[in-house]
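Listing of input_0.cif; format and content: mmCIF, C-alpha atoms.
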data_model
#
loop_
_atom_site.label_atom_id
_atom_site.label_comp_id
_atom_site.auth_asym_id
_atom_site.auth_seq_id
_atom_site.Cartn_x
_atom_site.Cartn_y
_atom_site.Cartn_z
CA MET A 1 161.71 118.23 203.51
CA SER A 2 159.93 121.10 205.19
CA SER A 3 161.76 124.40 205.53
CA ARG A 4 161.42 124.16 209.32
CA HIS A 5 164.09 121.43 209.20
CA ILE A 6 166.52 123.52 207.17
CA HIS A 7 168.71 125.92 209.10
CA ALA A 8 171.32 128.12 207.44
CA GLY A 9 170.98 126.01 204.29
CA GLN A 10 171.66 122.78 206.19
CA ALA A 11 169.06 119.98 206.25
CA HIS A 12 168.53 118.54 209.73
CA TRP A 13 167.53 114.97 208.88
CA LYS A 14 167.38 113.75 212.50
CA ASP A 15 164.82 116.45 213.37
CA PHE A 16 162.81 115.46 210.32
CA GLY A 17 163.08 111.76 211.21
CA ARG A 18 161.89 112.38 214.76
CA GLU A 19 158.87 114.27 213.45
CA VAL A 20 158.00 111.41 211.09
CA ALA A 21 158.47 108.93 213.96
CA ALA A 22 156.12 110.99 216.16
CA GLU A 23 153.41 110.88 213.50
CA CYS A 24 153.90 107.14 213.05
CA ARG A 25 153.72 106.48 216.79
CA GLU A 26 150.53 108.51 217.03
CA THR A 27 149.04 106.55 214.12
CA LEU A 28 149.90 103.27 215.87
CA ARG A 29 148.45 104.54 219.16
CA CYS A 30 145.16 105.56 217.54
CA THR A 31 144.61 102.49 215.34
CA GLU A 32 141.67 100.62 216.86
CA GLY A 33 142.11 96.86 216.95
CA LEU A 34 145.87 97.03 216.44
CA ARG A 35 148.05 95.09 218.83
CA VAL A 36 151.77 95.53 219.19
CA GLY A 37 154.30 93.86 221.41
CA ALA A 38 157.96 93.27 221.93
CA VAL A 39 160.13 90.65 223.56
CA ARG A 40 163.62 90.96 224.93
CA ARG A 41 166.54 88.94 226.19
CA ARG A 42 169.98 90.01 227.29
CA GLY A 43 172.86 87.99 225.97
CA ALA A 44 176.58 88.18 225.54
CA PRO A 45 177.65 90.07 222.40
CA GLN A 46 179.73 87.10 221.23
CA SER A 47 176.56 84.94 221.40
CA LEU A 48 174.31 87.30 219.45
CA HIS A 49 173.51 84.82 216.68
CA ARG A 50 172.55 82.08 219.16
CA THR A 51 170.56 84.48 221.36
CA ARG A 52 168.55 85.76 218.38
CA LYS A 53 167.80 82.21 217.26
CA ASP A 54 166.74 81.14 220.77
CA VAL A 55 164.54 84.21 221.25
CA TYR A 56 162.85 83.62 217.92
CA SER A 57 162.24 79.93 218.66
CA THR A 58 160.76 80.79 222.06
CA LEU A 59 158.59 83.52 220.54
CA ILE A 60 157.25 81.19 217.84
CA ALA A 61 156.53 78.48 220.45
CA ARG A 62 154.60 81.02 222.54
CA THR A 63 152.75 82.26 219.45
CA GLU A 64 151.87 78.69 218.45
CA SER A 65 150.38 78.10 221.93
CA GLU A 66 148.33 81.31 221.82
CA LEU A 67 147.06 80.48 218.34
CA GLN A 68 146.09 76.98 219.46
CA VAL A 69 144.00 78.40 222.32
CA SER A 70 142.20 80.82 220.01
CA ASP A 71 141.96 78.29 217.16
CA SER A 72 143.65 80.81 214.86
CA LEU A 73 146.29 80.85 212.15
CA ALA A 74 149.01 83.42 211.53
CA MET A 75 151.90 84.43 209.34
CA VAL A 76 155.09 86.14 210.44
CA PHE A 77 156.57 89.00 208.43
CA MET A 78 160.10 90.17 209.22
CA ASP A 79 162.53 92.80 208.06
CA GLY A 80 165.15 91.15 205.90
CA ASP A 81 166.34 90.45 202.41
CA GLY A 82 166.24 86.64 202.63
CA SER A 83 169.99 86.18 203.07
CA ASP A 84 169.64 85.14 206.74
CA THR A 85 168.07 81.70 206.87
CA THR A 86 168.48 81.36 210.65
CA TYR A 87 164.77 81.51 211.35
CA ARG A 88 163.68 78.89 208.84
CA ALA A 89 164.73 75.95 211.05
CA THR A 90 162.37 77.11 213.81
CA HIS A 91 159.39 76.68 211.50
CA ARG A 92 160.66 73.51 209.89
CA ASN A 93 161.02 71.90 213.33
CA LEU A 94 157.30 72.33 214.04
CA LYS A 95 154.97 69.42 213.34
CA LEU A 96 153.43 70.33 209.97
CA SER A 97 149.96 68.99 210.73
CA ALA A 98 149.71 71.05 213.95
CA ARG A 99 151.38 74.29 212.87
CA ARG A 100 149.43 77.49 213.47
CA VAL A 101 152.06 79.77 211.95
CA VAL A 102 151.35 78.47 208.48
CA GLU A 103 154.56 79.42 206.68
CA ASP A 104 158.18 80.20 207.35
CA ALA A 105 158.73 83.86 208.19
CA VAL A 106 158.24 86.06 205.15
CA LEU A 107 161.23 88.38 204.84
CA ILE A 108 160.62 91.83 203.40
CA ASP A 109 163.22 94.58 203.22
CA SER A 110 161.87 97.53 205.19
CA LYS A 111 162.90 99.83 202.33
CA HIS A 112 159.96 98.33 200.45
CA SER A 113 157.29 98.10 203.16
CA GLN A 114 155.76 100.79 205.32
CA LEU A 115 154.29 98.12 207.62
CA ILE A 116 157.73 96.62 208.24
CA GLN A 117 159.04 100.15 208.90
CA MET A 118 156.29 100.57 211.51
CA ALA A 119 157.26 97.25 213.10
CA ASP A 120 160.87 98.45 213.16
CA LEU A 121 159.71 101.61 214.95
CA VAL A 122 157.90 99.51 217.56
CA ALA A 123 161.00 97.36 218.08
CA TRP A 124 163.32 100.37 218.26
CA SER A 125 161.00 102.12 220.75
CA ALA A 126 160.88 98.99 222.90
CA ASN A 127 164.66 98.77 222.82
CA ALA A 128 165.02 102.41 223.88
CA CYS A 129 162.68 101.62 226.79
CA VAL A 130 164.53 98.54 228.05
CA ASP A 131 168.08 99.66 227.22
CA PRO A 132 168.13 103.38 228.06
CA HIS A 133 171.36 105.24 227.42
CA LEU A 134 172.11 108.88 226.75
CA GLY A 135 172.20 108.36 222.98
CA ASN A 136 168.51 107.44 222.93
CA LYS A 137 167.30 109.54 225.87
CA PHE A 138 164.86 111.37 223.59
CA ALA A 139 163.04 108.06 223.03
CA TRP A 140 163.06 106.51 226.51
CA ASP A 141 159.32 107.12 226.92
CA TRP A 142 158.14 106.46 223.36
CA TYR A 143 156.90 102.95 224.15
CA ALA A 144 155.12 104.00 227.34
CA LYS A 145 153.56 107.13 225.87
CA HIS A 146 152.48 105.83 222.48
CA LEU A 147 152.56 102.04 222.24
CA LEU A 148 151.69 100.74 225.69
CA GLU A 149 147.92 100.92 225.19
CA ARG A 150 148.23 98.75 222.05
CA ASP A 151 150.39 96.15 223.84
CA PRO A 152 148.27 93.51 225.63
CA ARG A 153 151.22 92.73 227.93
CA ARG A 154 151.85 96.43 228.60
CA LYS A 155 155.63 96.25 228.25
CA PRO A 156 158.40 94.55 226.33
CA MET A 157 158.46 91.06 227.86
CA PRO A 158 161.51 89.02 228.79
CA ILE A 159 161.53 85.75 226.90
#
Represent the supplied structure as structure tokens.
Amino acid sequence: MSSRHIHAGQAHWKDFGREVAAECRETLRCTEGLRVGAVRRRGAPQSLHRTRKDVYSTLIARTESELQVSDSLAMVFMDGDGSDTTYRATHRNLKLSARRVVEDAVLIDSKHSQLIQMADLVAWSANACVDPHLGNKFAWDWYAKHLLERDPRRKPMPI
């Protein structure tokens, strides 16, 4: 950690983290050909599991349609350790001979992948944009300032 983040012998990890996040957002913003995006849905806290499953199923259906139009294939990589098998059913319910997302989601713990960490940053920035509260005020404009130009839809989309 740089000395500029140490004050009176105390390490200020949040300041350091925000600096790292700023560099990552700038890297994402400047990466030609990169596309990012985010989807959102509000749901009742007691229905979180069902809401996540429904959002994922809808997202994969939309992705399948887009891939069909462009005659493309894709894989989905997600943050996770493999213990949550919720998402597998979405892929298994697709007709195998017509699938464009060619495999179940590949789960990778973000501790082991810088790309998954970047995806987490995109998701967190989108969340700060659509669910602003005082605790994340510092990040309310991160999506608009740094990620919007890489998002073909120009904002986190309701799904």
Which residues fall under the PyMOL selection byres ((chain A and resi 53) around 12) in this file, as a PyMOL selection string? chain A and resi 41+43+47-52+54-60+84-91
Selection in question (the file shown): the PyMOL selection byres ((chain A and resi 102-109) around 6). Which residues does it include, as a ChimeraX atom specification? /A:76-82,88,91,100-101,110-112
For the PyMOL selection byres ((chain A and resi 28-33) around 8), applied here, can you spell out every residue it catches as a ChimeraX atom specification? /A:24-27,34-35,146-147,149-150
Would you work out the distance separating atom CA of A:Val36 from atom CA of A:Met75, expressed in Å to one decimal?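 That distance, rounded to one decimal, is 14.8 Å.
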Just how far from atom CA of A:Leu148 is atom CA of A:Lys14, in Å to one decimal?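 These two atoms are separated by 24.3 Å.
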Please, can stretch 59-70 of chain A be completed to all heavy atoms and returned as a short mmCIF file (atom, residue, chain, number, x, y, z; two decimals), keeping the file's coordinate frame?
data_model
loop_
_atom_site.label_atom_id
_atom_site.label_comp_id
_atom_site.auth_asym_id
_atom_site.auth_seq_id
_atom_site.Cartn_x
_atom_site.Cartn_y
_atom_site.Cartn_z
N LEU A 59 159.71 82.68 220.96
CA LEU A 59 158.59 83.52 220.54
C LEU A 59 157.62 82.73 219.66
O LEU A 59 156.39 82.80 219.86
CB LEU A 59 159.08 84.76 219.80
CG LEU A 59 158.00 85.68 219.24
CD1 LEU A 59 157.13 86.26 220.35
CD2 LEU A 59 158.64 86.79 218.41
N ILE A 60 158.13 81.97 218.72
CA ILE A 60 157.25 81.19 217.84
C ILE A 60 156.53 80.11 218.65
O ILE A 60 155.32 79.88 218.44
CB ILE A 60 158.03 80.59 216.65
CG1 ILE A 60 158.50 81.72 215.72
CG2 ILE A 60 157.19 79.58 215.89
CD1 ILE A 60 157.39 82.58 215.13
N ALA A 61 157.19 79.48 219.60
CA ALA A 61 156.53 78.48 220.45
C ALA A 61 155.40 79.13 221.24
O ALA A 61 154.29 78.58 221.34
CB ALA A 61 157.54 77.82 221.38
N ARG A 62 155.65 80.31 221.78
CA ARG A 62 154.60 81.02 222.54
C ARG A 62 153.45 81.39 221.60
O ARG A 62 152.28 81.23 221.95
CB ARG A 62 155.18 82.29 223.17
CG ARG A 62 154.11 83.10 223.90
CD ARG A 62 154.62 84.43 224.36
NE ARG A 62 155.49 84.27 225.51
CZ ARG A 62 156.12 85.27 226.10
NH1 ARG A 62 155.99 86.50 225.64
NH2 ARG A 62 156.88 85.06 227.14
N THR A 63 153.78 81.87 220.42
CA THR A 63 152.75 82.26 219.45
C THR A 63 151.92 81.05 219.04
O THR A 63 150.69 81.13 218.95
CB THR A 63 153.41 82.92 218.22
OG1 THR A 63 154.15 84.06 218.65
CG2 THR A 63 152.39 83.32 217.19
N GLU A 64 152.58 79.92 218.81
CA GLU A 64 151.87 78.69 218.45
C GLU A 64 150.87 78.32 219.55
O GLU A 64 149.72 77.96 219.26
CB GLU A 64 152.85 77.53 218.22
CG GLU A 64 153.61 77.61 216.92
CD GLU A 64 152.80 77.17 215.72
OE1 GLU A 64 151.79 76.44 215.88
OE2 GLU A 64 153.16 77.54 214.59
N SER A 65 151.28 78.43 220.81
CA SER A 65 150.38 78.10 221.93
C SER A 65 149.18 79.03 221.97
O SER A 65 148.04 78.59 222.18
CB SER A 65 151.14 78.19 223.26
OG SER A 65 152.12 77.20 223.31
N GLU A 66 149.43 80.33 221.80
CA GLU A 66 148.33 81.31 221.82
C GLU A 66 147.37 81.08 220.67
O GLU A 66 146.15 81.20 220.83
CB GLU A 66 148.90 82.72 221.79
CG GLU A 66 149.63 83.11 223.06
CD GLU A 66 150.35 84.45 222.95
OE1 GLU A 66 150.32 85.09 221.88
OE2 GLU A 66 150.97 84.85 223.96
N LEU A 67 147.90 80.74 219.51
CA LEU A 67 147.06 80.48 218.34
C LEU A 67 146.24 79.21 218.53
O LEU A 67 145.09 79.14 218.09
CB LEU A 67 147.91 80.39 217.07
CG LEU A 67 148.57 81.69 216.62
CD1 LEU A 67 149.62 81.40 215.55
CD2 LEU A 67 147.54 82.69 216.12
N GLN A 68 146.81 78.22 219.18
CA GLN A 68 146.09 76.98 219.46
C GLN A 68 144.88 77.26 220.35
O GLN A 68 143.78 76.80 220.07
CB GLN A 68 147.02 75.97 220.15
CG GLN A 68 146.36 74.66 220.51
CD GLN A 68 146.02 73.83 219.29
OE1 GLN A 68 146.76 73.82 218.32
NE2 GLN A 68 144.89 73.14 219.33
N VAL A 69 145.08 78.07 221.39
CA VAL A 69 144.00 78.40 222.32
C VAL A 69 142.87 79.13 221.60
O VAL A 69 141.68 78.87 221.84
CB VAL A 69 144.53 79.25 223.50
CG1 VAL A 69 143.40 79.85 224.31
CG2 VAL A 69 145.43 78.40 224.38
N SER A 70 143.22 80.04 220.70
CA SER A 70 142.20 80.82 220.01
C SER A 70 141.74 80.18 218.70
O SER A 70 140.93 80.75 217.98
CB SER A 70 142.71 82.24 219.72
OG SER A 70 143.79 82.19 218.80
#
